[in-house]
Every structure is written in C-alpha cells, then in structure tokens.
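First the structure, in the form of structure tokens, and then the observations on it.
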Amino acid sequence: MSGTTLAHNRPLTCAPSRAARELGLKRGEFDLAVHLGRIRTVPDEGGGGGRRVPRSEIDRLRSRSESLGESVQVVGTTEAAALMGIPAGRFTRVARLGLVTPVKWYPNRYRAVVWLYLAEELRRFAADEKNARLLTGRTPTDLSDRLKAGTDQRARNWRGRHCGFLLRQADGPWERAGVVAGFLDPGEIDDVLTDPRERAHVTSLRPAPPAHGAPGSPTAQLAEDLMTAADPDEIEWFRHDLAREAAQARAHRPAPGPAVPSRHPAPDRPAHARGLRGWLLRRSPRPAH
C-alpha cells in the first residue's frame with residue numbers, strides 16, 4: 001500500500017492544484033503560501049521529486065482560508081507606495097536600500113524586472129514608529145549616500161529569501177548543498193568542490209530558477225542572472241555556506257557515484273575566467289523596476 005490512501009478511500013495527501021482549489025487560492029497564491037511556510041507539504045511518495053499536501057493540513061487551513069489569502073497578497077511599486085502613504089519614488093528608495101524585501105518578481109514586456117512585495121509586511125513596516133523617519137522628510141544622509149553610490153539590495157534580498165525557502169524544502173544534506181550551489185556561478189562551485197564526484201552530484205541537485213520564459217530565451221537568462229549571487233561579499237557568503245553544507249553532507253554519507261550528469265554544465269572557459277574575478281568581469285547591469 002502506497003500510504004497515500006486510508007479508510008473510506010480518502011487520500012492522505014493531494015496534489016498542489018487540488019489543494020489550492022479546496023483552499024480557494026489561485027495557484028500563484030498557493031505556491032507563495034508554501035514558499036512562506038504557511039502551508040506544509042511533504043515529498044511525493046510516488047517519486048518524481050514533487051510535493052503533495054497532507055489532507056490534515058488542508059483541514060487545518062480550510063477554516064481560515066480567507067485570512068490565508070490575505071496573507072499572501074502581493075503588490076508592485078505603485079500599490080506598495082499607496083498602501084504605505086508615500087510617493088512611488090520614495091518607496092523605490094526604501095526598497096533599493098533593502099529595508100523591505102521582495103517576495104516575487106516577473107519580467108515586464110521590456111524584460112525589466114518588476115518586484116512584488118507582501119502587502120502585510122509593508123503594512124507592518126509603515127506602522128512601526130521606528131520607520132517614520134524613512135517615510136517622511138529628507139532621507140538620512142548615510143542612506144542617501146548609499147543610494148548615490150548605486151546601492152540596490154532588491155535582487156540580493158530576494159535571493160536570500162528564496163534560498164531559505166528552498167532549504168526548508170530540501171530532503172537531505174546533499175540536497176541542501178545543491179540548493180546553495182544553485183546561487184553560484186559554475187566556476188565558483190568548481191573552486192569550492194574539488195572532488196569531481198561531489199561536484200557532479202551537487203551540480204545535479206541545483207534548483208532551476210523560477211520559470212520565466214522558454215529555456216534559452218532572454219527572459220530565462222534574466223531569471224538565471226537574478227538567481228546568481230552578484231556582490232563579492234554575497235558570493236563569498238554562498239561559497240562559505242556551500243563548503244559548510246558539503247562538509248555536513250560528506251559526514252552524513254559520501255556523494256554517490258559514478259558521477260551524475262550535470263543539469264547546468266559549466267561552459268568551456270579559460271582558466272583565468274573562472275572563479276570570483278572572472279564572474280565579476282562577466283557581470284552586466286540588470287534593469288529593474
């Protein structure tokens with residue numbers, strides 16, 4: 001018996017699409033609720049790497065599905081500014097400073113990034129008296145100087161949030177290492193993981209970027225760029241975390257062999273183009289809204 005059914009032919013778990021319908025959520029809202037840890041999922045016992053929702057979880061949430069829907073409401077810059085009672089330009093500055101964190105994004109028709117934020121987080125931010133100086137009057141000098149220097153923490157903050165979600169869903173130590181590797185350029189992974197078998201296994205477990213556009217399209221490339229750490233200290237943080245996760249996985253069990261084919265093979269590059277220096281040289285500005 002698979003464990004997915006019980007007495008009275010009632011399934012123990014159901015597919016995400018069915019769970020979303022029963023909870024009165026759009027699929028995007030459901031996925032975001034899972035992302036935020038508000039809906040518990042379990043691995044699909046039938047294999048394939050998918051996730052399912054326990055029937056007990058749906059029963060628990062059904063009584064408060066309305067508040068669940070409100071908790072995953074997302075807004076763009078214009079709505080966010082109106083919600084907080086500030087001009088759109090000031091909200092953008094607050095977001096660029098990293099004081100609020102995007103939860104999702106999508107490309108507009110010009111392939112510029114449109115960031116989305118949780119409405120409930122923005123309400124809390126605006127209601128906190130400690131943030132009043134950021135919403136009215138002149139921007140504090142130290143923050144203004146950072147803006148003039150070109151700071152923009154939106155992509156970085158989204159990566160940190162998305163990494164946390166993927167780590168919560170990881171099913172084992174090597175899978176956790178694969179999650180962290182998903183935010184690094186392949187050259188960085190090569191530098192951190194010197195054992196070919198470990199490197200191949202971890203690379204095979206790297207999560208794909210959020211789906212936007214057909215594989216190989218400019219929009220898909222944008223998604224890949226946003227998924228990859230960009231700032232030197234951010235790259236170093238992910239490198240350190242990958243080394244730590246790999247060490248913990250290694251202590252748990254050796255990487256399986258023979259080597260697993262890579263899902264994201266590293267392109268052929270000269271040795272001097274690999275690693276942190278090469279990655280920084282290849283970076284190009286990304287448009288964002």
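By convention in this document, the chains of the structure tokens carry letters A, B, ... by their order, each chain's residues are numbered from 1, and ligands are numbered from 1 in the order they are shown.
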For stretch 213-228 of chain A, please output as a PyMOL selection string all residues within 7 Å (counting only C-alpha atoms; exclusion window: fewer than 2 positions along the same chain). chain A and resi 111+155+159+183-185+209-211+230
Can you tell me, as an mmCIF file with N, CA, C and O atoms, in the first residue's frame, what residues are no more than 10 Å from stretch 18-28 of chain A when counting only C-alpha atoms, ignoring any on the same chain fewer than 6 positions away?
```
data_model
loop_
_atom_site.group_PDB
_atom_site.id
_atom_site.type_symbol
_atom_site.label_atom_id
_atom_site.label_comp_id
_atom_site.auth_asym_id
_atom_site.auth_seq_id
_atom_site.Cartn_x
_atom_site.Cartn_y
_atom_site.Cartn_z
ATOM 1 N N VAL A 34 3.134 28.279 0.314
ATOM 2 C CA VAL A 34 4.084 27.198 0.585
ATOM 3 C C VAL A 34 5.480 27.780 0.783
ATOM 4 O O VAL A 34 6.200 27.415 1.722
ATOM 5 N N ILE A 39 1.800 26.796 4.357
ATOM 6 C CA ILE A 39 1.165 25.530 4.001
ATOM 7 C C ILE A 39 2.243 24.463 3.998
ATOM 8 O O ILE A 39 3.254 24.593 3.312
ATOM 9 N N ARG A 52 3.427 17.087 -2.210
ATOM 10 C CA ARG A 52 1.989 16.944 -2.033
ATOM 11 C C ARG A 52 1.593 17.576 -0.710
ATOM 12 O O ARG A 52 2.451 17.876 0.127
ATOM 13 N N VAL A 53 0.305 17.768 -0.537
ATOM 14 C CA VAL A 53 -0.204 18.441 0.659
ATOM 15 C C VAL A 53 -0.989 17.445 1.495
ATOM 16 O O VAL A 53 -1.930 16.807 0.991
ATOM 17 N N PRO A 54 -0.626 17.266 2.759
ATOM 18 C CA PRO A 54 -1.388 16.351 3.608
ATOM 19 C C PRO A 54 -2.838 16.805 3.747
ATOM 20 O O PRO A 54 -3.118 17.997 3.867
ATOM 21 N N ARG A 55 -3.752 15.838 3.738
ATOM 22 C CA ARG A 55 -5.164 16.161 3.919
ATOM 23 C C ARG A 55 -5.394 16.851 5.259
ATOM 24 O O ARG A 55 -6.204 17.787 5.357
ATOM 25 N N GLU A 57 -3.487 18.946 6.662
ATOM 26 C CA GLU A 57 -3.096 20.349 6.511
ATOM 27 C C GLU A 57 -4.215 21.145 5.855
ATOM 28 O O GLU A 57 -4.504 22.282 6.261
ATOM 29 N N ILE A 58 -4.859 20.566 4.855
ATOM 30 C CA ILE A 58 -5.982 21.252 4.210
ATOM 31 C C ILE A 58 -7.122 21.445 5.208
ATOM 32 O O ILE A 58 -7.728 22.521 5.286
ATOM 33 N N ASP A 59 -7.417 20.408 6.002
ATOM 34 C CA ASP A 59 -8.468 20.519 7.008
ATOM 35 C C ASP A 59 -8.140 21.613 8.016
ATOM 36 O O ASP A 59 -9.015 22.370 8.450
ATOM 37 N N LEU A 61 -6.353 24.302 7.549
ATOM 38 C CA LEU A 61 -6.341 25.641 6.958
ATOM 39 C C LEU A 61 -7.686 26.076 6.398
ATOM 40 O O LEU A 61 -7.912 27.274 6.212
ATOM 41 N N ARG A 62 -8.577 25.129 6.113
ATOM 42 C CA ARG A 62 -9.815 25.489 5.430
ATOM 43 C C ARG A 62 -10.629 26.506 6.216
ATOM 44 O O ARG A 62 -11.250 27.406 5.645
ATOM 45 N N SER A 63 -10.603 26.423 7.526
ATOM 46 C CA SER A 63 -11.416 27.332 8.343
ATOM 47 C C SER A 63 -10.907 28.765 8.305
ATOM 48 O O SER A 63 -11.623 29.693 8.666
ATOM 49 N N ARG A 64 -9.677 28.955 7.875
ATOM 50 C CA ARG A 64 -9.144 30.314 7.824
ATOM 51 C C ARG A 64 -8.537 30.621 6.452
ATOM 52 O O ARG A 64 -7.578 31.368 6.337
ATOM 53 N N SER A 65 -9.155 30.060 5.414
ATOM 54 C CA SER A 65 -8.618 30.250 4.069
ATOM 55 C C SER A 65 -8.693 31.714 3.639
ATOM 56 O O SER A 65 -7.856 32.183 2.864
ATOM 57 N N GLU A 66 -9.688 32.469 4.149
ATOM 58 C CA GLU A 66 -9.788 33.877 3.769
ATOM 59 C C GLU A 66 -8.588 34.664 4.271
ATOM 60 O O GLU A 66 -7.974 35.441 3.531
ATOM 61 N N LEU A 68 -5.759 33.392 5.035
ATOM 62 C CA LEU A 68 -4.584 32.867 4.350
ATOM 63 C C LEU A 68 -4.402 33.587 3.024
ATOM 64 O O LEU A 68 -3.285 33.968 2.660
ATOM 65 N N GLY A 69 -5.503 33.807 2.302
ATOM 66 C CA GLY A 69 -5.424 34.535 1.043
ATOM 67 C C GLY A 69 -4.935 35.954 1.239
ATOM 68 O O GLY A 69 -4.113 36.452 0.457
ATOM 69 N N VAL A 72 -1.088 36.401 1.660
ATOM 70 C CA VAL A 72 -0.190 36.232 0.515
ATOM 71 C C VAL A 72 -0.492 37.256 -0.580
ATOM 72 O O VAL A 72 -0.063 37.080 -1.730
#
```
List every residue of stretch 93-183 of chain A that DSSP, applied to the backbone, labels as helix (DSSP H, G or I), and write the result as a ChimeraX atom specification. /A:93-96,119-127,129-135,141-148,154-169,173-181
Which of A:Lys104, A:Arg176, A:His240, A:Arg124 sits closest to A:His35 [using only C-alpha atoms]: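 Selected residue with least distance to A:His35: A:Lys104.
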If we count only C-alpha atoms, what is near A:Phe165 at a cut-off of 9 Å, once residues fewer than 2 positions away on the same chain are taken out, given as a ChimeraX atom specification? /A:34-37,160-163,167-170
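With distances taken over only C-alpha atoms, A:Arg123 is the one residue among A:Arg253, A:Arg60, A:Arg123, A:Arg138 lying closest to A:Ala82.
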For A:Ala81, please output as an mmCIF file with all heavy atoms, in the first residue's frame all residues within 10 Å (counting only C-alpha atoms; exclusion window: fewer than 6 positions along the same chain).
```
data_model
loop_
_atom_site.group_PDB
_atom_site.id
_atom_site.type_symbol
_atom_site.label_atom_id
_atom_site.label_comp_id
_atom_site.auth_asym_id
_atom_site.auth_seq_id
_atom_site.Cartn_x
_atom_site.Cartn_y
_atom_site.Cartn_z
ATOM 1 N N VAL A 75 1.953 43.139 -3.919
ATOM 2 C CA VAL A 75 1.749 44.420 -4.597
ATOM 3 C C VAL A 75 3.052 44.852 -5.248
ATOM 4 O O VAL A 75 4.143 44.532 -4.783
ATOM 5 C CB VAL A 75 1.270 45.508 -3.616
ATOM 6 C CG1 VAL A 75 -0.128 45.202 -3.095
ATOM 7 C CG2 VAL A 75 2.238 45.677 -2.455
ATOM 8 N N PRO A 87 5.161 58.583 -1.785
ATOM 9 C CA PRO A 87 5.334 58.586 -3.242
ATOM 10 C C PRO A 87 6.055 57.325 -3.708
ATOM 11 O O PRO A 87 6.841 56.721 -2.980
ATOM 12 C CB PRO A 87 6.182 59.836 -3.494
ATOM 13 C CG PRO A 87 6.018 60.682 -2.282
ATOM 14 C CD PRO A 87 5.836 59.733 -1.146
ATOM 15 N N ALA A 88 5.792 56.957 -4.970
ATOM 16 C CA ALA A 88 6.416 55.755 -5.531
ATOM 17 C C ALA A 88 7.939 55.864 -5.535
ATOM 18 O O ALA A 88 8.643 54.879 -5.297
ATOM 19 C CB ALA A 88 5.895 55.505 -6.944
ATOM 20 N N GLY A 89 8.456 57.065 -5.795
ATOM 21 C CA GLY A 89 9.904 57.242 -5.806
ATOM 22 C C GLY A 89 10.521 56.967 -4.448
ATOM 23 O O GLY A 89 11.600 56.366 -4.353
ATOM 24 N N ARG A 90 9.841 57.399 -3.377
ATOM 25 C CA ARG A 90 10.375 57.138 -2.040
ATOM 26 C C ARG A 90 10.317 55.646 -1.725
ATOM 27 O O ARG A 90 11.247 55.086 -1.139
ATOM 28 C CB ARG A 90 9.612 57.928 -0.984
ATOM 29 C CG ARG A 90 10.155 57.695 0.426
ATOM 30 C CD ARG A 90 9.442 58.552 1.453
ATOM 31 N NE ARG A 90 9.880 59.935 1.406
ATOM 32 C CZ ARG A 90 10.894 60.420 2.121
ATOM 33 N NH1 ARG A 90 11.605 59.622 2.911
ATOM 34 N NH2 ARG A 90 11.207 61.684 2.044
ATOM 35 N N PHE A 91 9.241 54.972 -2.143
ATOM 36 C CA PHE A 91 9.181 53.534 -1.891
ATOM 37 C C PHE A 91 10.324 52.821 -2.602
ATOM 38 O O PHE A 91 10.941 51.918 -2.035
ATOM 39 C CB PHE A 91 7.851 52.937 -2.346
ATOM 40 C CG PHE A 91 7.829 51.444 -2.187
ATOM 41 C CD1 PHE A 91 7.603 50.869 -0.947
ATOM 42 C CD2 PHE A 91 8.114 50.595 -3.260
ATOM 43 C CE1 PHE A 91 7.641 49.484 -0.777
ATOM 44 C CE2 PHE A 91 8.152 49.225 -3.107
ATOM 45 C CZ PHE A 91 7.915 48.672 -1.858
ATOM 46 N N THR A 92 10.597 53.210 -3.847
ATOM 47 C CA THR A 92 11.698 52.580 -4.573
ATOM 48 C C THR A 92 13.013 52.757 -3.830
ATOM 49 O O THR A 92 13.830 51.829 -3.754
ATOM 50 C CB THR A 92 11.809 53.156 -5.995
ATOM 51 O OG1 THR A 92 10.603 52.865 -6.712
ATOM 52 C CG2 THR A 92 12.992 52.551 -6.744
ATOM 53 N N LEU A 122 4.511 45.223 4.317
ATOM 54 C CA LEU A 122 4.598 46.664 4.116
ATOM 55 C C LEU A 122 3.739 47.405 5.138
ATOM 56 O O LEU A 122 4.134 48.468 5.634
ATOM 57 C CB LEU A 122 4.157 47.024 2.695
ATOM 58 C CG LEU A 122 4.963 46.373 1.562
ATOM 59 C CD1 LEU A 122 4.461 46.882 0.224
ATOM 60 C CD2 LEU A 122 6.452 46.643 1.709
#
```
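Atom CA of A:Ala80 is found 7.5 Å from atom CA of A:Tyr117.
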Quick one: distance from atom CA of A:Asp241 to atom CA of A:Ala181 in Å, one decimal?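 Interatomic distance, atom CA of A:Asp241 to atom CA of A:Ala181: 9.0 Å.
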